[in-house]
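Pasted below: upload-v2.cif, mmCIF, C-alpha atoms.
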data_model
loop_
_atom_site.label_atom_id
_atom_site.label_comp_id
_atom_site.auth_asym_id
_atom_site.auth_seq_id
_atom_site.Cartn_x
_atom_site.Cartn_y
_atom_site.Cartn_z
CA MET O 1 14.34 -40.76 46.10
CA SER O 2 16.95 -43.03 44.55
CA ALA O 3 19.32 -41.72 41.91
CA GLU O 4 17.95 -44.26 39.41
CA ARG O 5 14.35 -43.10 39.89
CA LEU O 6 15.39 -39.44 39.59
CA ALA O 7 17.18 -40.18 36.34
CA ARG O 8 14.07 -41.87 34.94
CA LEU O 9 11.89 -38.86 35.83
CA ILE O 10 14.34 -36.55 34.11
CA VAL O 11 14.30 -38.69 30.95
CA ILE O 12 10.45 -38.73 30.94
CA ALA O 13 10.32 -34.94 31.46
CA ILE O 14 12.72 -34.38 28.58
CA ALA O 15 10.78 -36.75 26.29
CA VAL O 16 7.48 -35.01 27.02
CA GLY O 17 8.73 -31.46 27.32
CA LEU O 18 11.02 -31.28 24.28
CA PRO O 19 8.19 -31.32 21.67
CA ILE O 20 6.42 -28.59 23.66
CA VAL O 21 9.55 -26.46 23.62
CA VAL O 22 9.93 -27.04 19.89
CA LEU O 23 6.31 -26.05 19.28
CA ILE O 24 6.67 -22.89 21.33
CA ALA O 25 9.89 -21.99 19.54
CA SER O 26 8.41 -22.59 16.11
CA GLY O 27 5.30 -20.60 17.01
CA THR O 28 7.46 -17.69 18.08
CA ALA O 29 9.51 -17.85 14.89
CA SER O 30 6.73 -18.05 12.30
CA GLY O 31 3.50 -17.20 14.12
CA GLN O 32 4.32 -14.18 16.29
CA ALA O 33 1.78 -11.41 15.85
CA ILE O 34 2.88 -7.99 14.64
CA GLU O 35 1.09 -5.07 16.24
CA LEU O 36 0.24 -2.54 13.54
CA HIS O 37 -0.86 0.92 14.65
CA GLY O 38 -2.84 3.30 12.47
CA ARG O 39 -2.64 7.08 12.76
CA VAL O 40 -3.72 9.83 10.40
CA ALA O 41 -1.02 10.48 7.83
CA GLU O 42 -0.08 13.82 9.38
CA THR O 43 1.10 12.04 12.53
CA GLY O 44 2.74 9.01 11.01
CA GLY O 45 0.31 6.74 9.17
CA TRP O 46 0.95 3.02 9.70
CA THR O 47 3.56 1.89 12.24
CA PRO O 48 5.45 -0.16 11.25
CA ALA O 49 4.99 0.70 7.58
CA ASP O 50 7.42 -1.84 6.10
CA LEU O 51 6.90 -5.53 6.79
CA THR O 52 8.47 -8.72 5.46
CA ALA O 53 7.10 -12.21 4.98
CA LYS O 54 7.80 -15.47 3.14
CA VAL O 55 5.69 -17.27 0.58
CA GLY O 56 3.36 -19.75 2.23
CA GLU O 57 4.16 -18.67 5.78
CA PRO O 58 1.39 -16.89 7.73
CA ILE O 59 1.92 -13.39 8.99
CA HIS O 60 -0.32 -12.50 11.93
CA LEU O 61 -1.36 -8.87 12.43
CA ARG O 62 -2.95 -7.16 15.43
CA LEU O 63 -4.48 -3.95 14.10
CA THR O 64 -5.38 -0.96 16.24
CA SER O 65 -5.95 2.77 15.81
CA ASP O 66 -4.34 5.45 17.94
CA ASP O 67 -6.75 8.20 16.88
CA VAL O 68 -9.72 7.79 14.50
CA LEU O 69 -11.43 5.01 12.57
CA HIS O 70 -9.20 3.55 9.86
CA GLY O 71 -9.55 0.62 7.48
CA PHE O 72 -6.96 -1.98 6.46
CA ALA O 73 -6.79 -3.70 3.08
CA ILE O 74 -4.23 -5.25 0.75
CA GLY O 75 -3.96 -3.71 -2.69
CA GLN O 76 -4.93 -5.73 -5.81
CA SER O 77 -6.68 -8.27 -3.60
CA ASP O 78 -10.28 -9.43 -3.18
CA ARG O 79 -9.75 -9.80 0.56
CA PRO O 80 -12.33 -7.60 2.34
CA ALA O 81 -11.23 -4.51 4.23
CA ILE O 82 -11.01 -4.60 8.03
CA ASP O 83 -12.21 -1.72 10.20
CA VAL O 84 -9.52 -0.56 12.62
CA LYS O 85 -11.18 1.15 15.58
CA PRO O 86 -9.57 3.36 18.24
CA GLY O 87 -8.76 1.45 21.39
CA GLU O 88 -9.74 -1.91 19.91
CA VAL O 89 -7.72 -4.71 18.35
CA ALA O 90 -8.65 -6.51 15.14
CA GLU O 91 -6.64 -9.60 14.26
CA THR O 92 -5.99 -11.06 10.83
CA THR O 93 -3.67 -13.61 9.26
CA LEU O 94 -2.20 -13.16 5.79
CA VAL O 95 -0.64 -15.84 3.60
CA PHE O 96 0.97 -14.92 0.26
CA ASP O 97 1.38 -17.45 -2.55
CA LYS O 98 3.72 -15.35 -4.68
CA PRO O 99 6.81 -13.30 -3.92
CA GLY O 100 6.52 -9.58 -4.48
CA LYS O 101 5.96 -6.22 -2.90
CA TYR O 102 2.39 -5.80 -1.71
CA THR O 103 0.84 -2.50 -0.66
CA PHE O 104 -1.52 -2.19 2.29
CA TYR O 105 -3.57 0.96 2.73
CA CYS O 106 -6.29 2.72 4.69
CA THR O 107 -9.81 2.39 3.31
CA ARG O 108 -11.49 5.00 5.52
CA TRP O 109 -11.32 8.71 4.67
CA CYS O 110 -9.51 9.86 7.79
CA GLY O 111 -8.20 13.23 6.57
CA PRO O 112 -6.85 15.21 3.58
CA ASN O 113 -3.75 12.99 3.45
CA HIS O 114 -5.76 9.79 3.80
CA TRP O 115 -4.34 8.28 0.60
CA ARG O 116 -0.81 8.56 2.01
CA MET O 117 -1.65 5.97 4.66
CA ARG O 118 0.15 3.15 2.90
CA GLY O 119 2.70 0.54 3.79
CA THR O 120 4.37 -2.41 2.12
CA ILE O 121 4.85 -6.11 2.76
CA GLU O 122 7.84 -7.52 0.90
CA VAL O 123 7.31 -11.23 0.38
CA SER O 124 10.24 -13.46 -0.49
CA SER O 125 10.26 -17.10 -1.53
CA GLU O 126 12.33 -19.79 0.13
CA GLN O 127 14.32 -20.23 -3.05
CA LEU O 128 15.09 -16.55 -3.50
CA GLY O 129 15.96 -14.07 -0.80
CA SER O 130 14.34 -10.64 -0.93
CA ASP O 131 17.63 -9.15 -2.15
CA GLN O 132 17.51 -11.52 -5.15
CA LEU O 133 14.02 -10.61 -6.36
CA ASN O 134 14.10 -8.96 -9.76
CA SER O 135 11.65 -6.43 -11.19
CA ASP O 136 9.67 -9.11 -13.03
CA GLN O 137 8.85 -10.81 -9.74
CA LEU O 138 7.59 -7.70 -7.98
CA SER O 139 4.00 -6.54 -8.17
CA SER O 140 4.75 -2.89 -7.50
CA ASP O 141 4.64 -1.65 -11.09
CA GLN O 142 1.82 0.83 -11.66
CA SER O 143 -0.01 -1.20 -14.23
CA GLY O 144 -0.62 -4.06 -11.82
CA SER O 145 1.22 -6.50 -14.11
CA GLY O 146 4.63 -7.00 -15.63
CA GLN O 147 3.73 -4.84 -18.63
CA SER O 148 4.06 -1.10 -19.00
CA PRO O 149 0.88 0.94 -18.51
CA LEU O 150 -0.99 1.67 -21.72
CA TYR O 151 -0.25 5.38 -21.64
CA VAL O 152 3.48 4.57 -21.69
CA THR O 153 3.05 2.17 -24.61
CA LEU O 154 1.12 4.83 -26.53
CA GLY O 155 3.61 7.57 -25.64
CA LEU O 156 0.95 9.80 -24.05
CA ASP O 157 1.83 12.86 -21.99
CA ILE O 158 -0.85 12.51 -19.35
CA ASP O 159 0.18 15.77 -17.67
CA ALA O 160 -0.43 17.91 -20.78
CA PRO O 161 -3.76 19.74 -21.21
CA HIS O 162 -6.25 17.90 -23.41
CA PRO O 163 -9.06 20.33 -24.30
CA ALA O 164 -11.78 19.14 -26.66
CA GLU O 165 -11.93 21.14 -29.89
CA VAL O 166 -15.66 20.45 -30.19
CA VAL O 167 -18.26 19.81 -27.50
CA PRO O 168 -21.91 18.75 -27.88
CA GLU O 169 -24.75 21.11 -27.09
CA GLU O 170 -26.36 18.45 -24.89
CA ALA O 171 -25.28 15.21 -23.28
CA PRO O 172 -24.89 12.50 -25.96
CA SER O 173 -27.15 9.47 -25.59
CA ALA O 174 -25.97 5.92 -26.27
CA GLU O 175 -29.60 4.82 -26.55
CA ARG O 176 -30.30 7.36 -29.28
CA GLY O 177 -27.08 6.31 -31.00
CA ALA O 178 -28.15 2.66 -31.02
CA ALA O 179 -31.58 3.62 -32.35
CA LEU O 180 -29.97 5.13 -35.47
CA GLY O 181 -29.43 1.54 -36.65
CA ILE O 182 -26.03 2.28 -38.22
CA ALA O 183 -23.62 -0.65 -38.47
CA LEU O 184 -20.34 0.96 -37.56
CA PRO O 185 -17.18 -0.35 -39.26
CA ALA O 186 -15.19 -2.82 -37.17
CA ALA O 187 -12.36 -0.31 -36.71
CA TYR O 188 -14.56 1.87 -34.51
CA ARG O 189 -15.68 -1.10 -32.44
CA ALA O 190 -12.16 -2.38 -31.68
CA ALA O 191 -11.05 -2.13 -28.04
CA GLU O 192 -7.64 -0.81 -29.09
CA TYR O 193 -9.25 2.03 -31.03
CA TYR O 194 -11.60 2.95 -28.18
CA ARG O 195 -8.84 3.01 -25.57
CA SER O 196 -6.41 5.07 -27.62
CA HIS O 197 -8.79 7.77 -28.93
CA SER O 198 -10.66 10.57 -27.21
CA PRO O 199 -14.40 11.05 -27.82
CA VAL O 200 -13.76 14.22 -29.81
CA GLU O 201 -11.28 12.38 -32.04
CA VAL O 202 -13.86 9.68 -32.71
CA TRP O 203 -16.53 12.32 -33.37
CA LYS O 204 -14.33 14.05 -35.95
CA ALA O 205 -13.52 10.73 -37.62
CA LEU O 206 -17.20 9.75 -37.79
CA ARG O 207 -18.22 13.19 -38.95
CA ALA O 208 -15.94 12.75 -41.96
CA GLU O 209 -17.46 9.37 -42.91
CA PRO O 210 -19.84 9.25 -45.91
CA PHE O 211 -22.43 7.26 -43.93
CA THR O 212 -22.90 10.18 -41.47
CA ARG O 213 -23.41 12.79 -44.17
CA ASP O 214 -27.14 13.06 -43.45
CA LEU O 215 -26.75 13.03 -39.67
CA SER O 216 -26.71 16.08 -37.43
CA ASP O 217 -23.78 16.86 -35.16
CA ARG O 218 -25.87 15.74 -32.21
CA GLN O 219 -26.58 12.38 -33.83
CA VAL O 220 -22.88 11.81 -34.49
CA TRP O 221 -22.22 12.51 -30.81
CA ASP O 222 -24.89 9.94 -30.00
CA LEU O 223 -22.94 7.43 -32.11
CA VAL O 224 -19.84 8.25 -30.06
CA ALA O 225 -21.79 7.56 -26.85
CA PHE O 226 -22.96 4.28 -28.37
CA VAL O 227 -19.34 3.31 -29.12
CA TRP O 228 -18.34 4.08 -25.53
CA ARG O 229 -21.24 2.08 -24.09
CA SER O 230 -20.30 -0.95 -26.20
CA HIS O 231 -17.00 -1.17 -24.35
CA THR O 232 -18.45 -1.65 -20.90
CA THR O 233 -21.15 -3.72 -19.19
CA PRO O 234 -23.73 -3.08 -16.47
CA VAL O 235 -21.66 -5.21 -14.09
CA SER O 236 -18.49 -3.25 -14.83
CA LEU O 237 -20.32 0.08 -14.48
CA ALA O 238 -21.71 -0.99 -11.11
CA ALA O 239 -18.23 -1.96 -9.94
CA GLY O 240 -16.82 1.33 -11.21
CA ARG O 241 -19.57 3.28 -9.44
CA GLN O 242 -18.78 1.59 -6.12
CA LEU O 243 -15.02 2.06 -6.47
CA PHE O 244 -15.52 5.72 -7.38
CA ALA O 245 -17.78 6.30 -4.39
CA GLU O 246 -15.34 4.66 -1.99
CA ASN O 247 -12.08 6.10 -3.30
CA CYS O 248 -12.68 9.11 -5.55
CA ALA O 249 -15.86 10.95 -4.60
CA ALA O 250 -14.36 12.53 -1.49
CA CYS O 251 -12.29 14.77 -3.80
CA HIS O 252 -14.04 14.65 -7.18
CA GLY O 253 -17.58 14.75 -5.78
CA GLU O 254 -20.44 12.31 -6.20
CA THR O 255 -21.47 13.98 -9.47
CA GLY O 256 -17.89 14.30 -10.74
CA SER O 257 -17.97 18.10 -10.38
CA GLY O 258 -14.79 18.36 -8.30
CA ASP O 259 -16.70 19.39 -5.18
CA GLY O 260 -16.07 16.50 -2.80
CA VAL O 261 -15.73 16.99 0.95
CA MET O 262 -11.93 16.98 0.67
CA ALA O 263 -11.73 19.25 -2.39
CA GLU O 264 -11.25 22.51 -0.47
CA SER O 265 -8.26 21.14 1.41
CA LEU O 266 -6.42 20.62 -1.88
CA THR O 267 -6.69 24.29 -2.87
CA ASN O 268 -6.48 25.71 0.65
CA PRO O 269 -3.47 24.18 2.46
CA SER O 270 -4.56 25.80 5.74
CA HIS O 271 -7.39 23.23 5.80
CA ALA O 272 -5.08 20.33 5.22
CA GLY O 273 -2.58 20.34 8.06
CA ASP O 274 0.82 19.55 6.62
CA LEU O 275 -0.25 18.93 3.02
CA GLN O 276 2.76 19.42 0.82
CA GLN O 277 2.89 22.78 -0.91
CA HIS O 278 2.61 21.33 -4.42
CA ASP O 279 -0.69 19.64 -3.62
CA THR O 280 -2.75 22.72 -4.38
CA LYS O 281 -4.61 21.90 -7.57
CA ALA O 282 -8.37 21.43 -7.49
CA PRO O 283 -9.68 17.94 -8.32
CA ALA O 284 -10.52 17.27 -11.96
CA LYS O 285 -14.14 17.86 -12.98
CA PHE O 286 -15.39 14.85 -14.88
CA SER O 287 -18.58 16.77 -15.58
CA ASP O 288 -16.61 19.30 -17.68
CA ALA O 289 -17.12 18.33 -21.34
CA GLY O 290 -14.36 20.65 -22.54
CA SER O 291 -11.78 18.62 -20.63
CA MET O 292 -13.23 15.10 -20.51
CA LEU O 293 -14.12 14.73 -24.18
CA GLY O 294 -10.53 15.51 -25.11
CA ALA O 295 -9.18 12.66 -22.98
CA SER O 296 -8.78 9.09 -24.19
CA PRO O 297 -9.57 6.12 -21.93
CA ALA O 298 -5.83 5.33 -21.97
CA LEU O 299 -5.08 8.79 -20.60
CA LEU O 300 -7.59 8.40 -17.78
CA HIS O 301 -6.19 4.93 -17.06
CA GLY O 302 -2.71 6.47 -16.79
CA LYS O 303 -3.91 9.19 -14.43
CA ILE O 304 -5.35 6.56 -12.13
CA VAL O 305 -2.43 4.14 -12.04
CA ARG O 306 0.33 6.78 -11.91
CA GLY O 307 -1.42 9.67 -10.22
CA GLY O 308 -1.22 13.33 -11.12
CA MET O 309 2.21 14.85 -10.62
CA GLY O 310 1.93 18.06 -8.62
CA THR O 311 -1.85 17.86 -8.25
CA GLY O 312 -2.50 15.79 -5.14
CA MET O 313 -4.03 13.01 -7.25
CA PRO O 314 -2.98 9.70 -5.63
CA TYR O 315 -1.40 6.87 -7.59
CA TRP O 316 -3.69 3.85 -7.46
CA GLY O 317 -1.55 1.38 -9.43
CA PRO O 318 -0.55 -0.72 -6.40
CA ILE O 319 -4.10 -0.66 -5.08
CA PHE O 320 -6.46 -1.48 -7.96
CA THR O 321 -6.36 -4.42 -10.32
CA GLU O 322 -6.43 -3.78 -14.08
CA ARG O 323 -10.08 -4.80 -14.17
CA GLN O 324 -10.92 -2.33 -11.42
CA VAL O 325 -9.06 0.52 -13.13
CA TRP O 326 -10.94 -0.03 -16.38
CA ALA O 327 -14.21 -0.27 -14.44
CA ILE O 328 -13.54 3.16 -12.97
CA VAL O 329 -12.58 4.56 -16.38
CA GLY O 330 -15.81 3.23 -17.85
CA TYR O 331 -17.84 4.78 -15.05
CA LEU O 332 -16.22 8.20 -15.48
CA TRP O 333 -17.83 8.51 -18.91
CA THR O 334 -21.28 8.37 -17.32
CA PHE O 335 -20.68 11.99 -16.30
CA GLN O 336 -20.68 12.84 -20.03
CA PHE O 337 -22.80 10.24 -21.81
CA ARG O 338 -26.30 9.12 -20.99
#

Re-express the file's structure as structure tokens.
Amino acid sequence: MSAERLARLIVIAIAVGLPIVVLIASGTASGQAIELHGRVAETGGWTPADLTAKVGEPIHLRLTSDDVLHGFAIGQSDRPAIDVKPGEVAETTLVFDKPGKYTFYCTRWCGPNHWRMRGTIEVSSEQLGSDQLNSDQLSSDQSGSGQSPLYVTLGLDIDAPHPAEVVPEEAPSAERGAALGIALPAAYRAAEYYRSHSPVEVWKALRAEPFTRDLSDRQVWDLVAFVWRSHTTPVSLAAGRQLFAENCAACHGETGSGDGVMAESLTNPSHAGDLQQHDTKAPAKFSDAGSMLGASPALLHGKIVRGGMGTGMPYWGPIFTERQVWAIVGYLWTFQFR
């Protein structure tokens, strides 16, 4: 082969091969899959648990479980959860359109510490490096937005006891309350009033009104139930019921009586592996009128987004959207009001 012909072949090979090399290099740089392993929280949770990405650039994940069935989902997202099965690989590609710190979590109840199976994906923009992101650009605040949670705005101590001074003799009925045909003043129908007052506070306020003078205590409680029902919808209640069943019933029980399948592990650490010593308080009983009727919707909202300090109650702020949190709050009242 002549030197001239050899040189031509080399030039052709370079011309054809260079784009392929570039494509392979770029695929390795931005499209390489990350293998994410799931284990029960007692033995490590997600590995790796801290990931990074850039706005608009895909991040490919290969999900697998090293022990039991897990689920993978991104918090505050409508993206459906993915089952992560032992010995199998599930692949997914994520693309983020905003910088921030996103939480991924396990959606399958895999043990007493299930809720601790969380990790983060820190997403930076091309204009700002991750070290330049300020608090306003992160989505890790517990309210799910840039604003403070309502309980902070109202100055509520959500860890303090909140017993109801008065409880009804039977479950109040929103239907009976509506049938009374009383046009309640606008103040009682305002969302701000509903969220910042407990049912017992509203009952006492209504009981002192001239227009309830001829009503029985039970009928005034029915008016309270009617007020509470007016601040939710069937669609929201259905969403709250589903979220409660998937995320809360394992501890609080399907009937809100604090008797879920994981409840014993919270009060008996020997059943919970390496549960931290402070996680020894029984789940709240939403069926207990003495406690629930003394709590405002804002207080329950705070408990959900921040969690219960020293109780084992998870913090759901990075997981649920504001709409989802209020849907759960609305559903919790169905354990008290018909």

Starting from the shown file, work through the PyMOL selection byres ((chain O and resi 183-190) around 10) and note down what comes out as a count of residues only.
21

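Using all atoms listed in the file, the smallest distance between any of O:Arg207, O:Gln32, O:Glu175, O:Arg323 and Pro58 of chain O comes from O:Gln32.
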
Counting all atoms listed in the file, which residues of segment 149-230 of chain O fall within 9 Å of segment 292-303 of chain O, and what is the closest atom pair for each with its distance in Å at one decimal, ordered by chain and rising number, as a Markdown table?
| residue | atom | partner | partner_atom | distance |
| --- | --- | --- | --- | --- |
| O:Pro149 | CA | O:Gly302 | CA | 6.8 |
| O:Leu150 | CA | O:Ala298 | CA | 6.1 |
| O:Tyr151 | CA | O:Gly302 | CA | 5.5 |
| O:Val152 | CA | O:Gly302 | CA | 8.1 |
| O:Leu154 | CA | O:Ala298 | CA | 8.3 |
| O:Leu156 | CA | O:Leu299 | CA | 7.0 |
| O:Asp157 | CA | O:Leu299 | CA | 8.1 |
| O:Ile158 | CA | O:Leu299 | CA | 5.8 |
| O:Asp159 | CA | O:Lys303 | CA | 8.4 |
| O:Pro161 | CA | O:Gly294 | CA | 8.9 |
| O:His162 | CA | O:Gly294 | CA | 5.2 |
| O:Pro163 | CA | O:Gly294 | CA | 5.1 |
| O:Ala164 | CA | O:Gly294 | CA | 4.1 |
| O:Glu165 | CA | O:Gly294 | CA | 7.5 |
| O:Val166 | CA | O:Leu293 | CA | 8.4 |
| O:Val167 | CA | O:Leu293 | CA | 7.3 |
| O:Tyr194 | CA | O:Pro297 | CA | 7.3 |
| O:Arg195 | CA | O:Pro297 | CA | 4.8 |
| O:Ser196 | CA | O:Ala298 | CA | 5.7 |
| O:His197 | CA | O:Ser296 | CA | 4.9 |
| O:Ser198 | CA | O:Ser296 | CA | 3.9 |
| O:Pro199 | CA | O:Leu293 | CA | 5.2 |
| O:Val200 | CA | O:Leu293 | CA | 5.7 |
| O:Glu201 | CA | O:Gly294 | CA | 7.6 |

Residues within 12 Å of Glu169 of chain O, all atoms listed in the file, excluding chain neighbours under 5 positions, as a PDB file with C-alpha atoms, in the coordinates of the input:
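Result went into around_34.pdb, see below:
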ATOM      1  CA  SER O 216     -26.710  16.080 -37.430  1.00  0.00           C
ATOM      2  CA  ASP O 217     -23.780  16.860 -35.160  1.00  0.00           C
ATOM      3  CA  ARG O 218     -25.870  15.740 -32.210  1.00  0.00           C
ATOM      4  CA  GLN O 219     -26.580  12.380 -33.830  1.00  0.00           C
ATOM      5  CA  TRP O 221     -22.220  12.510 -30.810  1.00  0.00           C
ATOM      6  CA  ASP O 222     -24.890   9.940 -30.000  1.00  0.00           C
ATOM      7  CA  ALA O 289     -17.120  18.330 -21.340  1.00  0.00           C
ATOM      8  CA  GLY O 290     -14.360  20.650 -22.540  1.00  0.00           C
ATOM      9  CA  GLN O 336     -20.680  12.840 -20.030  1.00  0.00           C
TER      10      GLN O 336
END

Item to check | Contact residues around Asp97 of chain O with all atoms listed in the file at 9 Å, ignoring same-chain residues under 3 positions, as a ChimeraX atom specification | outcome: /O:54-57,125

Handout entry: Expansion of the PyMOL selection byres ((chain O and resi 110) around 7) into residues, as a PyMOL selection string
Key = chain O and resi 40+70+108-109+111+114

- Query: So how far away is atom CA of Ala282 of chain O from atom CA of Glu322 of chain O, in Å?
  - Reply: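 Taking atom CA of Glu322 of chain O and atom CA of Ala282 of chain O, their separation equals 26.1 Å.
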
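The space between atom CA of Val329 of chain O and atom CA of Gly240 of chain O spans 7.4 Å.
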
What lies within 10 Å of Thr334 of chain O using all atoms listed in the file, ignoring chain neighbours under 2 positions off, as a list in words?
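Contacts, with the query itself left out: Ala171, Ala225, Trp228, Arg229, Leu237, Arg241, Thr255, Gly256, Phe286, Ser287, Val329, Gly330, Tyr331, Leu332, Gln336, Phe337 and Arg338 of chain O.
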